[in-house]
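Visitor: Sharing start_19.cif, mmCIF, C-alpha atoms:
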```cif
data_model
loop_
_atom_site.label_atom_id
_atom_site.label_comp_id
_atom_site.auth_asym_id
_atom_site.auth_seq_id
_atom_site.Cartn_x
_atom_site.Cartn_y
_atom_site.Cartn_z
CA MET K 1 0.00 0.00 0.00
CA SER K 2 1.47 3.31 -1.04
CA LEU K 3 0.29 6.79 -1.85
CA ARG K 4 -0.29 8.10 -5.34
CA ALA K 5 0.81 11.63 -6.12
CA GLU K 6 -2.35 12.36 -8.11
CA ASN K 7 -4.46 11.72 -5.01
CA LEU K 8 -2.49 14.20 -2.91
CA THR K 9 -2.88 17.96 -2.79
CA PRO K 10 -1.20 20.40 -0.42
CA GLY K 11 -3.21 20.33 2.76
CA SER K 12 -4.15 16.65 2.38
CA SER K 13 -3.85 15.19 5.83
CA HIS K 14 -3.87 11.96 7.72
CA ASN K 15 -4.14 11.51 11.44
CA ALA K 16 -4.08 8.63 13.87
CA SER K 17 -4.32 7.99 17.57
CA LEU K 18 -0.93 6.77 18.81
CA VAL K 19 -1.76 5.74 22.35
CA SER K 20 -4.37 6.37 24.98
CA ASP K 21 -3.53 6.38 28.69
CA LEU K 22 0.18 5.72 28.11
CA LYS K 23 1.37 3.16 30.63
CA ARG K 24 4.64 3.20 32.55
CA THR K 25 5.05 -0.39 31.44
CA GLN K 26 5.15 0.68 27.79
CA ILE K 27 7.89 3.16 28.64
CA VAL K 28 9.77 0.28 30.29
CA GLN K 29 9.21 -1.83 27.14
CA TYR K 30 10.73 0.94 25.04
CA ALA K 31 13.68 1.28 27.43
CA GLY K 32 14.38 -2.43 27.08
CA ALA K 33 14.07 -2.52 23.30
CA SER K 34 15.99 0.67 22.62
CA GLY K 35 18.62 0.17 25.31
CA ASP K 36 18.06 3.63 26.81
CA TYR K 37 17.73 2.90 30.54
CA ASN K 38 17.87 6.49 31.73
CA PRO K 39 16.08 6.29 35.13
CA LEU K 40 14.24 9.52 34.31
CA HIS K 41 12.01 7.31 32.17
CA THR K 42 11.64 4.19 34.28
CA ASP K 43 12.54 4.94 37.90
CA GLU K 44 9.76 6.88 39.65
CA VAL K 45 11.84 7.34 42.82
CA PHE K 46 14.76 8.84 40.94
CA ALA K 47 12.58 10.95 38.63
CA THR K 48 10.61 12.51 41.48
CA GLU K 49 13.01 12.64 44.45
CA VAL K 50 16.27 13.33 42.66
CA ALA K 51 15.43 14.90 39.31
CA GLY K 52 12.48 16.92 40.60
CA TYR K 53 9.90 15.84 38.01
CA PRO K 54 6.28 15.01 38.89
CA SER K 55 6.77 11.44 37.61
CA VAL K 56 8.77 9.47 35.08
CA PHE K 57 8.21 10.62 31.49
CA ALA K 58 8.46 8.93 28.12
CA HIS K 59 11.59 8.92 26.00
CA GLY K 60 11.22 11.50 23.24
CA MET K 61 12.23 8.68 20.93
CA LEU K 62 9.19 6.63 21.99
CA THR K 63 6.95 9.48 20.86
CA MET K 64 8.95 9.69 17.62
CA ALA K 65 8.69 5.91 17.14
CA MET K 66 4.89 5.97 17.62
CA THR K 67 4.63 8.98 15.28
CA GLY K 68 6.69 7.00 12.78
CA LYS K 69 4.06 4.25 12.90
CA MET K 70 1.42 6.79 11.88
CA LEU K 71 3.65 7.73 8.93
CA THR K 72 4.49 4.20 7.75
CA ASP K 73 0.82 3.17 8.07
CA TYR K 74 0.03 6.16 5.80
CA VAL K 75 2.85 6.29 3.24
CA GLY K 76 3.64 2.57 3.11
CA ASP K 77 6.48 0.40 4.36
CA GLY K 78 10.00 1.37 3.39
CA ARG K 79 8.81 4.59 1.71
CA LEU K 80 10.20 7.20 4.10
CA THR K 81 13.25 9.08 2.86
CA GLN K 82 13.46 11.61 5.72
CA PHE K 83 11.92 12.01 9.16
CA GLY K 84 12.96 14.74 11.57
CA VAL K 85 11.38 16.14 14.73
CA ARG K 86 11.76 18.50 17.65
CA PHE K 87 10.51 17.41 21.05
CA THR K 88 8.50 20.36 22.31
CA ASN K 89 6.86 19.04 25.46
CA GLN K 90 7.27 16.02 27.66
CA VAL K 91 4.99 13.01 27.42
CA TRP K 92 3.74 11.60 30.72
CA PRO K 93 2.17 8.33 31.83
CA GLY K 94 -1.57 8.65 31.27
CA ASP K 95 -1.23 10.83 28.18
CA ASP K 96 -3.32 10.29 25.04
CA LEU K 97 -1.40 11.13 21.86
CA GLU K 98 -2.58 11.84 18.36
CA ALA K 99 -0.39 12.50 15.33
CA THR K 100 -1.11 14.29 12.06
CA ALA K 101 0.73 14.50 8.75
CA VAL K 102 -0.18 17.37 6.41
CA LEU K 103 1.10 17.40 2.83
CA GLN K 104 3.19 20.48 2.04
CA SER K 105 4.46 19.76 -1.47
CA ILE K 106 5.41 17.10 -3.97
CA GLU K 107 8.73 17.25 -5.79
CA GLU K 108 10.16 15.05 -8.50
CA HIS K 109 13.80 14.08 -8.95
CA ASP K 110 14.89 11.76 -11.76
CA GLY K 111 11.37 10.43 -12.08
CA VAL K 112 11.04 9.76 -8.35
CA LYS K 113 8.13 11.57 -6.71
CA LEU K 114 8.71 12.73 -3.15
CA ALA K 115 5.98 14.03 -0.87
CA ASN K 116 6.87 16.45 1.93
CA PHE K 117 4.76 16.39 5.07
CA GLU K 118 4.55 18.48 8.19
CA VAL K 119 4.16 16.21 11.19
CA THR K 120 2.65 17.14 14.55
CA THR K 121 1.86 15.05 17.62
CA THR K 122 -0.37 16.48 20.33
CA ASN K 123 -1.55 15.32 23.73
CA GLN K 124 -5.06 15.26 25.24
CA ASP K 125 -4.80 18.94 26.19
CA GLY K 126 -3.93 19.94 22.64
CA ALA K 127 -0.30 20.68 23.57
CA VAL K 128 2.17 19.90 20.81
CA VAL K 129 4.67 17.32 22.08
CA LEU K 130 6.49 16.72 18.81
CA LYS K 131 6.77 18.79 15.64
CA GLY K 132 8.69 18.03 12.50
CA SER K 133 8.65 16.91 8.93
CA ALA K 134 8.83 13.78 6.85
CA GLN K 135 9.46 12.98 3.23
CA ALA K 136 8.26 9.84 1.48
CA ARG K 137 8.50 8.33 -1.96
CA VAL K 138 5.06 8.15 -3.59
CA ASP K 139 3.84 6.58 -6.83
CA MET F 1 30.06 6.25 20.51
CA ALA F 2 31.36 4.55 17.44
CA ILE F 3 29.65 1.21 16.93
CA ASP F 4 31.71 -1.52 15.30
CA LYS F 5 28.98 -4.06 14.81
CA PHE F 6 25.22 -3.56 14.87
CA PRO F 7 23.57 -6.73 13.60
CA VAL F 8 19.99 -6.04 12.50
CA GLU F 9 18.11 -8.96 14.03
CA ALA F 10 14.52 -10.17 13.72
CA SER F 11 13.77 -10.57 17.42
CA HIS F 12 15.19 -7.14 18.21
CA ILE F 13 12.94 -5.56 15.57
CA MET F 14 9.96 -7.53 16.92
CA MET F 15 10.57 -6.24 20.45
CA PHE F 16 11.18 -2.69 19.25
CA ALA F 17 7.95 -2.70 17.21
CA ARG F 18 6.02 -4.08 20.20
CA SER F 19 7.36 -1.32 22.43
CA MET F 20 5.95 1.33 20.09
CA GLY F 21 2.63 -0.48 19.73
CA ASP F 22 3.13 -1.41 16.07
CA GLU F 23 1.63 -4.79 15.17
CA ASN F 24 2.52 -4.54 11.47
CA PRO F 25 3.45 -8.13 10.48
CA LEU F 26 6.30 -6.64 8.43
CA TYR F 27 8.16 -6.38 11.74
CA HIS F 28 7.73 -9.96 12.94
CA ASP F 29 6.70 -12.28 10.09
CA SER F 30 9.41 -12.96 7.53
CA GLU F 31 7.05 -14.83 5.19
CA TYR F 32 4.65 -11.90 5.15
CA ALA F 33 7.56 -9.48 4.71
CA ALA F 34 8.81 -11.41 1.68
CA GLY F 35 5.59 -10.51 -0.13
CA THR F 36 5.75 -6.78 0.61
CA GLU F 37 7.49 -4.04 -1.36
CA PRO F 38 10.55 -4.05 0.94
CA GLY F 39 10.74 -7.85 0.46
CA ALA F 40 12.13 -8.52 3.94
CA ILE F 41 11.72 -7.52 7.58
CA ILE F 42 13.05 -3.97 7.66
CA ALA F 43 13.95 -1.69 10.53
CA PRO F 44 11.16 0.65 11.72
CA PRO F 45 11.99 4.33 11.01
CA THR F 46 13.53 5.10 14.41
CA PHE F 47 15.21 1.71 14.99
CA MET F 48 18.76 3.07 14.58
CA GLN F 49 18.33 4.51 18.07
CA ALA F 50 18.49 0.93 19.37
CA SER F 51 22.10 0.70 18.20
CA ALA F 52 22.79 1.77 21.80
CA GLN F 53 22.45 -1.95 22.60
CA PHE F 54 25.62 -2.56 20.62
CA ASP F 55 27.66 0.27 22.07
CA PRO F 56 29.76 -1.43 24.78
CA ASN F 57 30.14 1.80 26.72
CA TYR F 58 26.65 3.24 26.36
CA PHE F 59 26.28 5.51 29.41
CA LEU F 60 22.54 4.96 29.92
CA ARG F 61 22.84 1.20 30.53
CA PRO F 62 23.71 -0.11 34.01
CA LYS F 63 26.83 -2.30 34.01
CA PRO F 64 27.83 -4.98 36.53
CA GLY F 65 30.15 -3.69 39.24
CA LYS F 66 29.87 -0.08 38.08
CA PRO F 67 27.99 2.69 39.90
CA TRP F 68 24.55 3.47 38.51
CA PHE F 69 22.70 6.67 39.29
CA GLY F 70 19.18 5.20 39.50
CA SER F 71 17.45 4.29 42.75
CA GLY F 72 18.20 1.26 44.94
CA LYS F 73 18.26 1.57 48.73
CA GLU F 74 18.61 5.28 48.13
CA ALA F 75 16.89 7.45 45.56
CA THR F 76 20.20 7.77 43.74
CA THR F 77 23.70 6.42 44.05
CA ARG F 78 25.68 9.49 44.97
CA THR F 79 28.95 7.96 43.85
CA ALA F 80 27.69 7.76 40.31
CA SER F 81 27.60 11.01 38.44
CA ILE F 82 24.34 11.96 36.81
CA PRO F 83 25.06 12.53 33.14
CA GLY F 84 25.11 16.21 32.34
CA ASN F 85 25.33 17.32 35.96
CA ASP F 86 28.14 18.69 38.01
CA ALA F 87 29.40 15.72 40.00
CA ASP F 88 30.32 17.81 43.05
CA THR F 89 26.86 19.14 43.75
CA ASP F 90 25.77 18.77 47.38
CA ASP F 91 22.09 19.25 46.98
CA LYS F 92 20.31 16.16 45.68
CA LYS F 93 17.45 18.30 44.45
CA SER F 94 19.80 20.19 42.18
CA GLY F 95 20.13 16.99 40.22
CA GLY F 96 17.19 18.18 38.16
CA GLY F 97 19.33 19.26 35.27
CA GLY F 98 20.58 16.74 32.82
CA ILE F 99 20.72 15.86 29.18
CA LEU F 100 17.43 15.80 27.34
CA HIS F 101 16.79 14.90 23.74
CA ALA F 102 15.75 18.06 21.87
CA GLU F 103 15.70 17.03 18.22
CA GLN F 104 16.22 13.97 16.06
CA ARG F 105 16.42 13.61 12.29
CA PHE F 106 16.88 10.56 10.09
CA GLU F 107 17.76 10.43 6.42
CA TYR F 108 17.14 7.05 4.84
CA HIS F 109 19.38 6.12 1.95
CA ARG F 110 18.27 2.48 2.27
CA HIS F 111 16.12 0.96 5.02
CA PRO F 112 18.25 -1.63 6.86
CA GLN F 113 16.81 -5.13 6.90
CA VAL F 114 17.24 -8.30 8.93
CA GLY F 115 20.59 -9.84 8.08
CA ASP F 116 22.41 -6.55 7.61
CA THR F 117 25.38 -5.91 9.85
CA LEU F 118 25.81 -2.20 10.27
CA HIS F 119 28.59 -0.12 11.70
CA ALA F 120 28.36 3.50 12.69
CA LYS F 121 30.63 6.51 12.60
CA VAL F 122 29.87 9.36 14.95
CA ARG F 123 30.92 12.99 14.83
CA THR F 124 29.95 16.09 16.76
CA GLY F 125 28.17 18.79 14.77
CA LYS F 126 27.20 22.29 15.85
CA THR F 127 26.89 23.46 19.44
CA TRP F 128 24.93 26.50 20.63
CA GLU F 129 23.44 28.07 23.78
CA LYS F 130 20.12 29.61 24.61
CA GLU F 131 18.44 30.97 27.74
CA GLY F 132 15.39 28.77 28.45
CA LYS F 133 12.31 30.11 30.21
CA ARG F 134 11.49 26.81 31.90
CA SER F 135 14.85 25.22 32.68
CA GLY F 136 17.61 27.85 32.88
CA LYS F 137 20.56 28.01 30.52
CA LEU F 138 20.37 25.47 27.68
CA ARG F 139 23.42 24.05 25.91
CA PHE F 140 22.65 22.27 22.63
CA THR F 141 24.99 19.77 20.97
CA GLU F 142 24.44 18.08 17.65
CA THR F 143 25.69 14.53 17.07
CA ILE F 144 25.74 13.01 13.61
CA THR F 145 25.78 9.22 13.31
CA GLU F 146 26.19 7.54 9.94
CA TYR F 147 25.15 3.88 9.68
CA PHE F 148 26.89 1.88 6.97
CA ASP F 149 26.10 -1.67 5.88
CA GLN F 150 28.44 -4.65 5.40
CA ASN F 151 29.33 -3.32 1.93
CA ASN F 152 30.25 0.03 3.44
CA GLU F 153 27.27 1.71 1.84
CA LEU F 154 25.54 4.46 3.78
CA CYS F 155 22.07 3.36 4.93
CA VAL F 156 20.91 5.95 7.47
CA THR F 157 22.20 9.31 8.64
CA ALA F 158 20.93 10.15 12.13
CA THR F 159 21.33 13.62 13.60
CA GLY F 160 20.51 14.05 17.25
CA VAL F 161 20.46 17.26 19.24
CA GLY F 162 20.95 16.92 22.98
CA VAL F 163 20.24 19.75 25.38
CA THR F 164 21.84 20.15 28.77
CA THR F 165 19.51 21.92 31.17
CA GLU F 166 20.39 23.73 34.41
CA ARG F 167 17.36 22.38 36.26
CA ALA F 168 14.29 20.21 35.75
CA VAL F 169 11.96 21.61 33.11
CA ASP F 170 9.19 23.60 34.87
CA GLN F 171 5.76 22.07 34.31
#
```
Written as structure tokens, how would this file's structure read?
Guide:
Amino acid sequence: MSLRAENLTPGSSHNASLVSDLKRTQIVQYAGASGDYNPLHTDEVFATEVAGYPSVFAHGMLTMAMTGKMLTDYVGDGRLTQFGVRFTNQVWPGDDLEATAVLQSIEEHDGVKLANFEVTTTNQDGAVVLKGSAQARVD
Amino acid sequence: MAIDKFPVEASHIMMFARSMGDENPLYHDSEYAAGTEPGAIIAPPTFMQASAQFDPNYFLRPKPGKPWFGSGKEATTRTASIPGNDADTDDKKSGGGGILHAEQRFEYHRHPQVGDTLHAKVRTGKTWEKEGKRSGKLRFTETITEYFDQNNELCVTATGVGVTTERAVDQ
């Protein structure tokens, strides 16, 4: 499944729910799979008593990974050519996240069509937690 | 953190995909993957981050016999330095600063697949400073990691920006 350029116009958008009521256990799962065991993400005692945060919080890269799932579900597997983000707010246990891709432009190089998207992930309060862009090869 | 050998393995991709809530069979079923456009189990878009598993000195992994700054009997092990903090601080609460991940970009030249053995070269990019409203002075550092395959062809360029904060980000 891939996108066709003729079906896309600037402003075309796709959105998906990434997670609802994010669990600490999922953050632990991501720590184990990624190898990033920073206790800020998995150790409530350290995060609150030492680091001064209200609780543990998710790795930015977990939010990026989940946002990447929205993109690959939309543009097709193996189609991304670029994906870049800024982490603008922390993601906490209990958060609901939703991600949106909005088409900005389509360019063509040597017969290859590339679609440029703006990517935004927001939480249940509407706060932007991740903002960036992605480029994907389309048919 | 140069990485000499990062084997792209099926069970690692399966666990990584599970952790991000992605049940796409592309990430765990090689027969299914063979019939897709990529033709094989490929790495999810942010999987290069998991190369930390293959960095023998990765600083955010506890190691046997070495101090670790997470909680045990105490909320932190004072003998272990907290990455990004001044080690000689007396006030535990001032441990709120640290390194946070500010930005991440990936450029895909080819999506790595199961069976590839990658190696990575790392260099430091730009550095800059900014006064943050919510966490004091911010020091940004860019790190560029290039992942090459067994034929020495560039697969993924990853650019990370880390930010060192003076104190915990105000909520």
Visitor: Apply the PyMOL selection byres ((chain K and resi 97) around 7) to the displayed file and report the matching residues as a ChimeraX atom specification.
Guide: /K:17-20,95-96,98-99,121-124
Visitor: Give me the residues within 6 Å of region 97-102 of chain F as a ChimeraX atom specification, counting all atoms listed in the file and dropping any in the same chain fewer than 4 places off.
Guide: /K:86-87 /F:84-85,161-168
Visitor: Contacts from chain K to chain F, 6 Å maximum, only C-alpha atoms: show me the residue list as a CSV table (one decimal) with C-alpha atoms, in the coordinates of the input.
Guide:
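What ended up in iface-v3.csv:
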```csv
chain,number,residue,atom,x,y,z
K,29,GLN,CA,9.2,-1.8,27.1
K,30,TYR,CA,10.7,0.9,25.0
K,33,ALA,CA,14.1,-2.5,23.3
K,34,SER,CA,16.0,0.7,22.6
K,35,GLY,CA,18.6,0.2,25.3
K,36,ASP,CA,18.1,3.6,26.8
K,37,TYR,CA,17.7,2.9,30.5
K,38,ASN,CA,17.9,6.5,31.7
K,39,PRO,CA,16.1,6.3,35.1
K,45,VAL,CA,11.8,7.3,42.8
K,46,PHE,CA,14.8,8.8,40.9
K,50,VAL,CA,16.3,13.3,42.7
K,51,ALA,CA,15.4,14.9,39.3
K,52,GLY,CA,12.5,16.9,40.6
K,65,ALA,CA,8.7,5.9,17.1
K,66,MET,CA,4.9,6.0,17.6
K,78,GLY,CA,10.0,1.4,3.4
K,81,THR,CA,13.2,9.1,2.9
K,82,GLN,CA,13.5,11.6,5.7
K,83,PHE,CA,11.9,12.0,9.2
K,84,GLY,CA,13.0,14.7,11.6
K,85,VAL,CA,11.4,16.1,14.7
K,86,ARG,CA,11.8,18.5,17.6
K,87,PHE,CA,10.5,17.4,21.0
```
Visitor: Please provide as a count of residues only all residues within 12 Å of Leu3 (chain K), with the sequence filter that same-chain residues fewer than 3 positions apart are discarded (counting only C-alpha atoms).
Guide: 24
Visitor: Give me, as a ChimeraX atom specification, all polymer residues having an atom no more than 9 Å from Thr117 (chain F), counting only C-alpha atoms and skipping those fewer than 6 positions away in the same chain.
Guide: /F:5-9,148-150
Visitor: For the residues selected in the previous step, produce a file with C-alpha atoms as a short mmCIF file (atom, residue, chain, number, x, y, z; two decimals), keeping the file's coordinate frame.
Guide:
```
data_model
loop_
_atom_site.label_atom_id
_atom_site.label_comp_id
_atom_site.auth_asym_id
_atom_site.auth_seq_id
_atom_site.Cartn_x
_atom_site.Cartn_y
_atom_site.Cartn_z
CA LYS F 5 28.98 -4.06 14.81
CA PHE F 6 25.22 -3.56 14.87
CA PRO F 7 23.57 -6.73 13.60
CA VAL F 8 19.99 -6.04 12.50
CA GLU F 9 18.11 -8.96 14.03
CA PHE F 148 26.89 1.88 6.97
CA ASP F 149 26.10 -1.67 5.88
CA GLN F 150 28.44 -4.65 5.40
#
```
Visitor: When you draw a straight line from CA of His119 (chain F) to CA of Ala40 (chain F), how long is it in Å?
Guide: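 That distance, rounded to one decimal, is 20.0 Å.
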Visitor: So how many Å separate CA of Ala120 (chain F) and CA of Thr63 (chain K), to one decimal?
Guide: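 CA of Thr63 (chain K) lies at a distance of 23.7 Å from CA of Ala120 (chain F).
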Visitor: Would you mind telling me which residue in F:Thr141, F:Asp116, F:Tyr32, F:Glu131 lies nearest to Glu153 (chain F) when using only C-alpha atoms?
Guide: F:Asp116
Visitor: Rounded to one decimal in Å, what is the spacing between CA of Gly60 (chain K) and CA of Val114 (chain F)?
Guide: 25.2 Å
Visitor: Could you name the residues that touch Gln104 (chain K) at 8 Å or less, counting only C-alpha atoms, but leaving out those on the same chain fewer than 4 positions away, as a PyMOL selection string?
Guide: chain K and resi 10-11+115-118
